[in-house]
Every structure is written in C-alpha cells, then in structure tokens.
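K.L.:
Quick one, coords-v3.cif (mmCIF, C-alpha atoms):
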```cif
data_coords
loop_
_atom_site.group_PDB
_atom_site.id
_atom_site.type_symbol
_atom_site.label_atom_id
_atom_site.label_comp_id
_atom_site.auth_asym_id
_atom_site.auth_seq_id
_atom_site.Cartn_x
_atom_site.Cartn_y
_atom_site.Cartn_z
ATOM 1 C CA MET A 23 114.033 123.909 95.986
ATOM 2 C CA SER A 24 112.138 120.754 96.911
ATOM 3 C CA SER A 25 111.361 118.316 94.128
ATOM 4 C CA SER A 26 108.314 116.955 95.933
ATOM 5 C CA PRO A 27 105.051 116.778 93.940
ATOM 6 C CA TYR A 28 103.254 117.627 97.200
ATOM 7 C CA ASN A 29 104.576 121.196 97.439
ATOM 8 C CA GLN A 30 101.214 122.818 96.705
ATOM 9 C CA ALA A 31 99.404 120.552 99.163
ATOM 10 C CA GLY A 32 102.033 121.290 101.807
ATOM 11 C CA GLY A 33 101.680 125.025 101.217
ATOM 12 C CA LEU A 34 97.911 124.901 101.658
ATOM 13 C CA LEU A 35 98.222 122.937 104.874
ATOM 14 C CA ASN A 36 100.905 125.308 106.187
ATOM 15 C CA GLU A 37 98.660 128.305 105.637
ATOM 16 C CA HIS A 38 95.758 126.552 107.326
ATOM 17 C CA LEU A 39 97.845 125.588 110.366
ATOM 18 C CA GLU A 40 99.665 128.899 110.725
ATOM 19 C CA LYS A 41 96.886 131.371 109.930
ATOM 20 C CA ARG A 42 93.959 129.289 111.180
ATOM 21 C CA ARG A 43 92.037 130.084 108.018
ATOM 22 C CA GLY A 44 89.460 127.704 106.589
ATOM 23 C CA LEU A 45 90.863 125.356 103.977
ATOM 24 C CA LYS A 46 88.277 126.264 101.356
ATOM 25 C CA SER A 47 88.911 129.978 101.701
ATOM 26 C CA ILE A 48 92.647 129.382 101.313
ATOM 27 C CA ALA A 49 92.387 126.935 98.428
ATOM 28 C CA PHE A 50 90.019 128.941 96.293
ATOM 29 C CA ASP A 51 91.308 132.429 97.030
ATOM 30 C CA THR A 52 92.853 133.228 93.634
ATOM 31 C CA THR A 53 95.119 136.016 94.923
ATOM 32 C CA THR A 54 97.775 136.221 97.585
ATOM 33 C CA THR A 55 99.490 139.208 99.154
ATOM 34 C CA THR A 56 103.232 139.538 98.519
ATOM 35 C CA GLY A 57 105.799 142.253 99.209
ATOM 36 C CA SER A 58 105.047 143.853 95.855
ATOM 37 C CA GLY A 59 101.282 143.787 96.276
ATOM 38 C CA LYS A 60 98.694 141.374 94.932
ATOM 39 C CA LYS A 61 99.865 138.442 92.850
ATOM 40 C CA LYS A 62 97.600 135.991 91.121
ATOM 41 C CA LYS A 63 97.763 132.324 91.948
ATOM 42 C CA GLY A 64 95.844 129.374 90.572
ATOM 43 C CA ALA A 65 93.409 127.298 92.554
ATOM 44 C CA PRO A 66 94.646 123.776 93.407
ATOM 45 C CA ASN A 67 93.424 120.834 91.406
ATOM 46 C CA LYS A 68 90.939 118.417 92.932
ATOM 47 C CA ALA A 69 93.589 115.813 93.744
ATOM 48 C CA THR A 70 95.688 118.324 95.692
ATOM 49 C CA TYR A 71 92.687 119.618 97.613
ATOM 50 C CA ALA A 72 91.596 116.049 98.435
ATOM 51 C CA THR A 73 95.094 115.174 99.650
ATOM 52 C CA VAL A 74 95.097 118.123 102.053
ATOM 53 C CA CYS A 75 91.623 117.189 103.333
ATOM 54 C CA LYS A 76 92.674 113.604 103.960
ATOM 55 C CA THR A 77 95.889 114.714 105.665
ATOM 56 C CA MET A 78 93.899 116.997 107.972
ATOM 57 C CA GLN A 79 91.608 114.090 108.889
ATOM 58 C CA HIS A 80 94.679 112.081 109.888
ATOM 59 C CA LEU A 81 96.581 114.826 111.759
ATOM 60 C CA SER A 82 95.742 113.526 115.238
ATOM 61 C CA ALA A 83 96.776 110.008 114.224
ATOM 62 C CA ILE A 84 100.036 111.241 112.689
ATOM 63 C CA ASN A 85 100.882 113.313 115.766
ATOM 64 C CA GLU A 86 100.185 110.361 118.071
ATOM 65 C CA ILE A 87 102.441 108.172 115.925
ATOM 66 C CA LEU A 88 105.234 110.763 116.023
ATOM 67 C CA ASP A 89 104.873 111.213 119.796
ATOM 68 C CA ALA A 90 104.940 107.490 120.649
ATOM 69 C CA ASN A 91 107.785 106.249 122.843
ATOM 70 C CA ASN A 92 108.565 109.682 124.282
ATOM 71 C CA LYS A 93 108.459 111.424 120.872
ATOM 72 C CA LYS A 94 111.183 109.178 119.446
ATOM 73 C CA LEU A 95 110.083 109.509 115.819
ATOM 74 C CA ARG A 96 109.378 113.235 116.085
ATOM 75 C CA ARG A 97 112.957 113.786 117.284
ATOM 76 C CA GLY A 98 114.482 111.288 114.854
ATOM 77 C CA ILE A 99 112.873 112.827 111.788
ATOM 78 C CA GLY A 100 113.719 116.291 113.075
ATOM 79 C CA PHE A 101 110.128 117.467 112.886
ATOM 80 C CA ASP A 102 110.601 120.655 114.937
ATOM 81 C CA ALA A 103 113.490 121.798 112.734
ATOM 82 C CA VAL A 104 111.511 121.467 109.498
ATOM 83 C CA ARG A 105 110.072 124.766 108.281
ATOM 84 C CA ASN A 106 107.650 123.191 105.810
ATOM 85 C CA LYS A 107 105.628 121.181 108.317
ATOM 86 C CA GLY A 108 102.654 121.021 105.964
ATOM 87 C CA LEU A 109 104.739 119.125 103.415
ATOM 88 C CA LEU A 110 106.035 116.834 106.152
ATOM 89 C CA TYR A 111 102.515 116.009 107.317
ATOM 90 C CA VAL A 112 101.328 115.346 103.749
ATOM 91 C CA CYS A 113 104.255 113.019 103.019
ATOM 92 C CA ILE A 114 103.720 111.042 106.241
ATOM 93 C CA TYR A 115 100.020 110.736 105.422
ATOM 94 C CA GLU A 116 100.841 109.427 101.930
ATOM 95 C CA LEU A 117 103.301 106.891 103.343
ATOM 96 C CA LEU A 118 101.087 105.526 106.107
ATOM 97 C CA PHE A 119 97.485 106.104 105.043
ATOM 98 C CA GLY A 120 97.511 107.165 101.388
ATOM 99 C CA LYS A 121 96.156 105.178 98.489
ATOM 100 C CA TYR A 122 99.502 103.666 97.485
ATOM 101 C CA LYS A 123 101.240 103.732 100.881
ATOM 102 C CA SER A 124 104.278 105.433 99.357
ATOM 103 C CA ILE A 125 105.723 108.901 98.778
ATOM 104 C CA ARG A 126 106.045 110.017 95.170
ATOM 105 C CA GLY A 127 108.889 112.171 93.936
ATOM 106 C CA GLY A 128 111.998 113.075 95.889
ATOM 107 C CA GLY A 129 113.390 115.851 98.015
ATOM 108 C CA LYS A 130 114.912 116.336 101.449
ATOM 109 C CA VAL A 131 111.651 115.877 103.361
ATOM 110 C CA LYS A 132 111.060 112.478 101.773
ATOM 111 C CA ARG A 133 114.617 111.377 102.615
ATOM 112 C CA MET A 134 114.112 112.417 106.228
ATOM 113 C CA ILE A 135 110.933 110.341 106.473
ATOM 114 C CA VAL A 136 111.956 107.146 104.669
ATOM 115 C CA LYS A 137 114.906 106.665 107.032
ATOM 116 C CA TYR A 138 112.290 105.860 109.677
ATOM 117 C CA GLU A 139 109.787 104.115 107.400
ATOM 118 C CA ARG A 140 109.777 100.802 109.258
ATOM 119 C CA GLU A 141 109.301 102.463 112.622
ATOM 120 C CA LEU A 142 106.540 104.693 111.261
ATOM 121 C CA ARG A 143 104.659 101.739 109.779
ATOM 122 C CA ARG A 144 104.992 99.786 113.013
ATOM 123 C CA GLU A 145 103.600 102.674 115.060
ATOM 124 C CA ALA A 146 100.804 103.157 112.503
ATOM 125 C CA GLU A 147 99.808 99.514 112.904
ATOM 126 C CA ASP A 148 99.821 99.945 116.680
ATOM 127 C CA TYR A 149 97.638 103.025 116.314
ATOM 128 C CA VAL A 150 95.087 101.162 114.189
ATOM 129 C CA SER A 151 95.099 98.236 116.634
ATOM 130 C CA LYS A 152 94.232 100.610 119.483
ATOM 131 C CA HIS A 153 91.879 103.054 117.798
ATOM 132 C CA GLY A 154 90.657 101.385 114.612
ATOM 133 C CA SER A 155 90.735 102.986 111.185
ATOM 134 C CA VAL A 156 90.613 106.755 110.894
ATOM 135 C CA GLU A 157 87.027 107.672 110.077
ATOM 136 C CA ASP A 158 86.075 109.717 107.050
ATOM 137 C CA SER A 159 84.203 113.029 107.353
ATOM 138 C CA GLY A 160 80.833 111.285 107.235
ATOM 139 C CA GLY A 161 81.598 109.197 110.286
ATOM 140 C CA GLY A 162 81.894 105.897 108.411
ATOM 141 C CA LYS A 163 84.898 103.879 107.402
ATOM 142 C CA VAL A 164 86.402 103.659 103.934
ATOM 143 C CA ASN A 165 85.803 100.078 102.912
ATOM 144 C CA PHE A 166 87.167 99.937 99.394
ATOM 145 C CA PRO A 167 88.768 96.610 98.504
ATOM 146 C CA ARG A 168 92.521 96.295 98.044
ATOM 147 C CA TYR A 169 93.389 95.437 94.435
ATOM 148 C CA ILE A 170 96.665 93.755 93.549
ATOM 149 C CA ARG A 171 97.817 92.376 90.233
ATOM 150 C CA VAL A 172 99.789 89.151 90.047
ATOM 151 C CA ASN A 173 102.825 89.802 87.865
ATOM 152 C CA THR A 174 102.805 86.637 85.765
ATOM 153 C CA LEU A 175 106.195 87.592 84.352
ATOM 154 C CA ARG A 176 107.641 86.851 87.782
ATOM 155 C CA SER A 177 105.088 84.443 89.232
ATOM 156 C CA PRO A 178 103.152 82.389 86.669
ATOM 157 C CA ARG A 179 101.314 80.397 89.364
ATOM 158 C CA VAL A 180 98.530 82.671 90.611
ATOM 159 C CA SER A 181 97.323 79.968 93.027
ATOM 160 C CA GLU A 182 100.607 80.120 94.956
ATOM 161 C CA ILE A 183 100.238 83.874 95.418
ATOM 162 C CA VAL A 184 96.670 83.436 96.643
ATOM 163 C CA GLU A 185 97.710 80.850 99.235
ATOM 164 C CA LYS A 186 100.535 83.058 100.459
ATOM 165 C CA LEU A 187 98.208 86.044 100.808
ATOM 166 C CA LYS A 188 95.581 83.997 102.643
ATOM 167 C CA GLY A 189 98.217 82.896 105.118
ATOM 168 C CA ASP A 190 99.323 86.468 105.710
ATOM 169 C CA LEU A 191 95.731 87.630 106.192
ATOM 170 C CA SER A 192 95.047 84.802 108.619
ATOM 171 C CA ALA A 193 97.909 86.031 110.791
ATOM 172 C CA LYS A 194 96.047 89.310 111.223
ATOM 173 C CA ALA A 195 92.502 88.516 112.255
ATOM 174 C CA VAL A 196 90.136 91.457 112.328
ATOM 175 C CA VAL A 197 87.589 91.565 115.139
ATOM 176 C CA VAL A 198 84.609 93.740 114.293
ATOM 177 C CA GLU A 199 82.189 94.692 117.028
ATOM 178 C CA GLY A 200 79.610 97.270 116.064
ATOM 179 C CA GLU A 201 81.585 100.238 114.780
ATOM 180 C CA ASP A 202 84.909 99.214 116.332
ATOM 181 C CA ALA A 203 87.568 97.416 114.302
ATOM 182 C CA THR A 204 90.707 96.180 116.020
ATOM 183 C CA THR A 205 93.588 94.281 114.467
ATOM 184 C CA VAL A 206 94.841 91.531 116.762
ATOM 185 C CA ASP A 207 97.044 88.467 116.603
ATOM 186 C CA GLN A 208 95.378 85.076 116.492
ATOM 187 C CA SER A 209 95.167 83.808 120.075
ATOM 188 C CA GLU A 210 92.935 81.751 122.380
ATOM 189 C CA ASP A 211 90.657 84.775 122.771
ATOM 190 C CA THR A 212 90.152 85.238 119.036
ATOM 191 C CA LYS A 213 90.513 81.751 117.610
ATOM 192 C CA ASP A 214 86.746 81.469 117.084
ATOM 193 C CA VAL A 215 86.632 84.700 115.083
ATOM 194 C CA PRO A 216 87.202 83.885 111.414
ATOM 195 C CA PRO A 217 89.664 86.301 109.791
ATOM 196 C CA ASP A 218 88.601 87.900 106.530
ATOM 197 C CA THR A 219 90.787 85.958 104.094
ATOM 198 C CA THR A 220 88.382 85.998 101.164
ATOM 199 C CA ILE A 221 90.203 86.701 97.910
ATOM 200 C CA TYR A 222 88.393 87.072 94.619
ATOM 201 C CA VAL A 223 89.660 86.972 91.070
ATOM 202 C CA ASP A 224 88.401 90.099 89.324
ATOM 203 C CA ALA A 225 85.662 89.470 86.784
ATOM 204 C CA HIS A 226 87.160 91.741 84.134
ATOM 205 C CA VAL A 227 90.941 91.941 84.490
ATOM 206 C CA PRO A 228 92.943 88.695 84.286
ATOM 207 C CA ASP A 229 95.272 88.012 87.224
ATOM 208 C CA LEU A 230 93.853 90.921 89.239
ATOM 209 C CA LEU A 231 92.987 89.889 92.793
ATOM 210 C CA VAL A 232 90.411 91.576 95.018
ATOM 211 C CA LEU A 233 91.334 91.487 98.710
ATOM 212 C CA PRO A 234 89.414 92.728 101.765
ATOM 213 C CA PRO A 235 89.996 96.351 102.827
ATOM 214 C CA THR A 236 91.961 95.145 105.856
ATOM 215 C CA ALA A 237 94.728 93.977 103.504
ATOM 216 C CA SER A 238 95.763 97.591 102.838
ATOM 217 C CA SER A 239 97.743 97.784 106.089
ATOM 218 C CA LEU A 240 99.472 94.501 105.270
ATOM 219 C CA LEU A 241 100.416 95.070 101.650
ATOM 220 C CA HIS A 242 102.973 97.809 101.153
ATOM 221 C CA ARG A 243 106.277 98.062 99.334
ATOM 222 C CA ASP A 244 108.161 96.242 102.128
ATOM 223 C CA HIS A 245 105.993 93.120 101.785
ATOM 224 C CA ASP A 246 108.064 90.264 100.339
ATOM 225 C CA LEU A 247 105.668 89.671 97.422
ATOM 226 C CA VAL A 248 105.819 93.345 96.466
ATOM 227 C CA LYS A 249 109.587 93.627 96.886
ATOM 228 C CA SER A 250 110.130 90.548 94.714
ATOM 229 C CA GLY A 251 107.897 91.946 91.974
ATOM 230 C CA LYS A 252 105.537 88.975 92.119
ATOM 231 C CA VAL A 253 102.588 91.227 92.861
ATOM 232 C CA VAL A 254 101.978 94.844 91.888
ATOM 233 C CA LEU A 255 99.912 97.284 93.946
ATOM 234 C CA GLN A 256 97.737 98.465 91.087
ATOM 235 C CA ASP A 257 94.129 99.626 91.153
ATOM 236 C CA LYS A 258 91.628 98.161 88.745
ATOM 237 C CA SER A 259 91.135 101.390 86.797
ATOM 238 C CA SER A 260 94.810 101.590 85.837
ATOM 239 C CA CYS A 261 94.692 98.054 84.409
ATOM 240 C CA PHE A 262 92.244 98.900 81.645
ATOM 241 C CA SER A 263 94.680 100.670 79.317
ATOM 242 C CA ALA A 264 96.865 97.587 78.762
ATOM 243 C CA LEU A 265 93.838 95.306 78.751
ATOM 244 C CA ALA A 266 92.109 97.360 76.046
ATOM 245 C CA MET A 267 95.232 97.349 73.861
ATOM 246 C CA VAL A 268 95.779 93.598 74.027
ATOM 247 C CA ARG A 269 92.221 92.303 74.323
ATOM 248 C CA GLY A 270 90.430 95.044 72.397
ATOM 249 C CA HIS A 271 90.873 93.222 69.078
ATOM 250 C CA ILE A 272 89.208 90.028 70.355
ATOM 251 C CA VAL A 273 85.656 89.639 69.120
ATOM 252 C CA GLY A 274 82.934 87.099 69.762
ATOM 253 C CA SER A 275 81.811 84.722 67.029
ATOM 254 C CA GLU A 276 78.299 83.485 66.364
ATOM 255 C CA ASP A 277 78.906 80.273 68.308
ATOM 256 C CA GLY A 278 79.989 82.240 71.372
ATOM 257 C CA LYS A 279 83.706 81.516 71.036
ATOM 258 C CA GLU A 280 86.370 84.214 70.985
ATOM 259 C CA GLU A 281 88.102 85.029 67.730
ATOM 260 C CA LYS A 282 91.252 87.082 67.337
ATOM 261 C CA ILE A 283 91.722 89.526 64.496
ATOM 262 C CA ALA A 284 94.868 88.433 62.703
ATOM 263 C CA GLU A 285 96.450 91.833 62.005
ATOM 264 C CA PRO A 286 99.648 92.418 64.027
ATOM 265 C CA PHE A 287 99.857 95.298 66.475
ATOM 266 C CA ASP A 288 102.634 97.602 67.643
ATOM 267 C CA TYR A 289 102.391 98.754 71.265
ATOM 268 C CA ILE A 290 103.838 102.111 72.277
ATOM 269 C CA ASP A 291 104.282 102.842 75.963
ATOM 270 C CA ALA A 292 103.757 106.560 76.590
ATOM 271 C CA CYS A 293 103.017 106.241 80.319
ATOM 272 C CA ALA A 294 105.098 107.701 83.134
ATOM 273 C CA ALA A 295 106.938 105.777 85.851
ATOM 274 C CA PRO A 296 106.845 103.472 87.786
ATOM 275 C CA GLY A 297 105.997 101.077 84.938
ATOM 276 C CA ASN A 298 102.995 99.169 86.291
ATOM 277 C CA LYS A 299 101.082 99.518 83.022
ATOM 278 C CA THR A 300 104.166 98.524 81.031
ATOM 279 C CA SER A 301 104.706 95.307 82.963
ATOM 280 C CA HIS A 302 100.972 94.590 82.735
ATOM 281 C CA LEU A 303 101.089 95.065 78.964
ATOM 282 C CA ALA A 304 104.099 92.744 78.704
ATOM 283 C CA ALA A 305 102.343 90.058 80.762
ATOM 284 C CA LEU A 306 99.181 90.253 78.649
ATOM 285 C CA VAL A 307 101.135 90.117 75.392
ATOM 286 C CA ARG A 308 103.063 87.105 76.655
ATOM 287 C CA SER A 309 99.801 85.404 77.626
ATOM 288 C CA SER A 310 98.235 86.158 74.239
ATOM 289 C CA LEU A 311 101.181 84.441 72.556
ATOM 290 C CA GLY A 312 100.700 81.356 74.705
ATOM 291 C CA ASP A 313 104.103 81.811 76.334
ATOM 292 C CA ASP A 314 103.297 80.863 79.933
ATOM 293 C CA ASP A 315 106.114 78.405 80.634
ATOM 294 C CA ASP A 316 106.584 78.177 84.390
ATOM 295 C CA ASP A 317 110.304 77.449 83.916
ATOM 296 C CA ASP A 318 110.966 80.692 82.082
ATOM 297 C CA ASP A 319 113.580 82.668 84.008
ATOM 298 C CA ASP A 320 113.320 85.876 81.969
#
```
Now, as a test, write the supplied structure out as structure tokens.

P.N.:
Amino acid sequence: MSSSPYNQAGGLLNEHLEKRRGLKSIAFDTTTTTGSGKKKKGAPNKATYATVCKTMQHLSAINEILDANNKKLRRGIGFDAVRNKGLLYVCIYELLFGKYKSIRGGGKVKRMIVKYERELRREAEDYVSKHGSVEDSGGGKVNFPRYIRVNTLRSPRVSEIVEKLKGDLSAKAVVVEGEDATTVDQSEDTKDVPPDTTIYVDAHVPDLLVLPPTASSLLHRDHDLVKSGKVVLQDKSSCFSALAMVRGHIVGSEDGKEEKIAEPFDYIDACAAPGNKTSHLAALVRSSLGDDDDDDDD
C-alpha cells in the first residue's frame, strides 16, 4: 500500500478523470458503491480538495511537460504503466508547481518521479518561459511573495545571502508586457528591462526575507543555498510559533526600550518533520543569548 499522503487527492482525481464526474459531486458524495453495497466515506478536508483543484488547473501544463522531447519523461517515469494516475499527477504538481516545490511522504510513485526531478524542473521552466505562469480560476496570476528564512546557524551574515540571491534573480530577468510574463536570459534585447531583484527584510520576523513571486521557480531544494542549509523555504506563518516562544516574554518599558523578563524558559519541540520550526527556534535562542560569532562552526 502506498505511503503517500496524497492518496485521497489521487483517488478523487482518478474518479474525476475516469468517470467524468464533477469534482464537487465526487468530493462531497458521502457514500460510495462497493461490491457489498453502500459504504460510507468521509468528505475530503479543505487542503485535499484544494490540492486536487490546483492539480486540475495544471493538467495541461503537466501533460505538455511529460510529452516534451517525443514524450521522453512520460516514458521514463513509466506513466502509462501506472494505475494510480491521479496520484502521479498530484505528486508532479506538488513537485513543480506546489507551495513547497517538493513531494511529501514516500511511496513507489514518488520514487518514480524524483529519479527525473532535474529533467522535470528543466521542462517546467521551459514551459513557463513559453507560456507564462499557469493562471488561477479567476483568470489572474498568483502573485504571493516568496518567503525564505536565513538560517543564522549556518550563515550568520544575512547580507551575503541577500547579495547571492540578488545575483541569481538578475540572471533571470522577467519581462512583463500586459498580461504576459516570460522568463528570459539577460541579453542585448532585454538589457534595458530591469529584473525584479527587490528583496525585503520582513517587518515582524527576524532574518525572514521577502522575495518577488518570480523567485519561486528559482528557489527549490536543489538550489545551493537550500541544499547547504543556509536558507530555509519557510512561509511567514510557520515562523510565528518559534518567534512567540522566544520573543513573547519581551516587554516594552516606559522609555520605549525592550526589557526581558528574567525567568528562564524550557522549550519543548512537539512539531513534526522536517524541522524548520526547530532550527528557527534554535537560531532565535542563540541570538537571544548574544551568541552570534561568525567563526562558530557548530
């Protein structure tokens, strides 16, 4: 049995593709017919339903990526031999277009896909360069910023990370004309178009950087800064738990200066993998103790 956390999403998509039923009618039909009659089933949670919707919006893009170069990736992954094609589509969507650009969990389908991860990402970039971003259901583009957290345990100098990221963004200028967005290399034709390399430091979370939406296609787990652990792909909302634990006991004094409550604290990590909140907590605790020595090799 597959260990993938996307099994329910894959099942919904399979039923939609095979039976041509509307997704809503499938998702919120609380019974299903089996050999022994009617058997109750629970409705999917909102996250699962949203994942299926997003995957469906990207189906044409995924199929074009798989069919590139005479269907090289479709044959390599063994797409036609996979019975659970819904799960395969969902996993490819998560890897190439999902929020974290990665596939959670394990299972055979994931192993089949990650063997061709580099080729899939390269074809996805080519797709975006030709067609632009996949539009949402309202006809507009999703323009949320890309948040990344500098892991000060590995890279105490935030300024060096910023300069590196600006250089990487400059190498991928984005030309925007009306509603079209095309990623191109810097050349004579585009040298007068300024690339979006603006990087902000978040106003609330220390060491959290706010990058333009175009950075999402650049920053994934194969990027050297991510692989080295110097930056963590972590959304702002998931940073608040560690921040509240470490900074929640800091109060303001009458003269406007910060004062720390002297009582010691014990921190208990009860979060699941992959450990982003744990490393964030460790970095904040280290900073609160004034231990920011750049020569520290720990």

K.L.:
Report as a ChimeraX atom specification all protein, DNA and RNA residues lying within 10 Å of Ser124 in chain A, evaluated on all atoms listed in the file, omitting residues in the same chain fewer than 2 positions from it.

P.N.:
/A:113-122,126-127,136,139,242-243

K.L.:
Please write as a PDB file with C-alpha atoms, keeping the file's coordinate frame the full residue list that the PyMOL selection byres ((chain A and resi 228) around 10) yields on this file.

P.N.:
```pdb
ATOM      1  CA  ARG A 171      97.817  92.376  90.233  1.00  0.00           C
ATOM      2  CA  VAL A 172      99.789  89.151  90.047  1.00  0.00           C
ATOM      3  CA  VAL A 223      89.660  86.972  91.070  1.00  0.00           C
ATOM      4  CA  ASP A 224      88.401  90.099  89.324  1.00  0.00           C
ATOM      5  CA  ALA A 225      85.662  89.470  86.784  1.00  0.00           C
ATOM      6  CA  HIS A 226      87.160  91.741  84.134  1.00  0.00           C
ATOM      7  CA  VAL A 227      90.941  91.941  84.490  1.00  0.00           C
ATOM      8  CA  ASP A 229      95.272  88.012  87.224  1.00  0.00           C
ATOM      9  CA  LEU A 230      93.853  90.921  89.239  1.00  0.00           C
ATOM     10  CA  LEU A 231      92.987  89.889  92.793  1.00  0.00           C
ATOM     11  CA  CYS A 261      94.692  98.054  84.409  1.00  0.00           C
ATOM     12  CA  LEU A 265      93.838  95.306  78.751  1.00  0.00           C
ATOM     13  CA  LEU A 306      99.181  90.253  78.649  1.00  0.00           C
TER      14      LEU A 306
END
```

K.L.:
List as an MDAnalysis selection string the residues having at least one atom at most 12 Å from position (93.7, 92.9, 94.0) as given in the file, counting all atoms listed in the file.

P.N.:
chainID A and resid 166:173 180 183:184 187 220:235 237:238 241 253:261

K.L.:
Using Å and a single decimal, report how far CA of Ile87 in chain A sits from CA of Lys132 in chain A.

P.N.:
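Between these atoms lies a distance of 17.1 Å.
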
K.L.:
Could you tell me how far CA of Leu303 in chain A sits from CA of Val268 in chain A, in Å to one decimal place?

P.N.:
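Atom-to-atom, CA of Val268 in chain A and CA of Leu303 in chain A are spaced 7.4 Å apart.
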
K.L.:
Check which residues satisfy the PyMOL selection byres ((chain A and resi 38) around 12) in the file shown, then give them as a list in words.

P.N.:
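This file gives the following for the PyMOL selection byres ((chain A and resi 38) around 12): Ala31, Gly32, Gly33, Leu34, Leu35, Asn36, Glu37, Leu39, Glu40, Lys41, Arg42, Arg43, Gly44, Leu45, Lys46, Ser47, Ile48, Ala49, Val74, Cys75, Thr77, Met78, Lys107 and Gly108 of chain A.
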
K.L.:
In Å, how far is it from CA of Ser192 in chain A to CA of Thr219 in chain A?

P.N.:
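Those two atoms sit 6.3 Å apart.
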
K.L.:
Which one is closest to Arg269 in chain A: A:Asp102, A:Val307, A:Leu142, A:Lys249? Count all atoms listed in the file.

P.N.:
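Result for the nearest residue to Arg269 in chain A: A:Val307.
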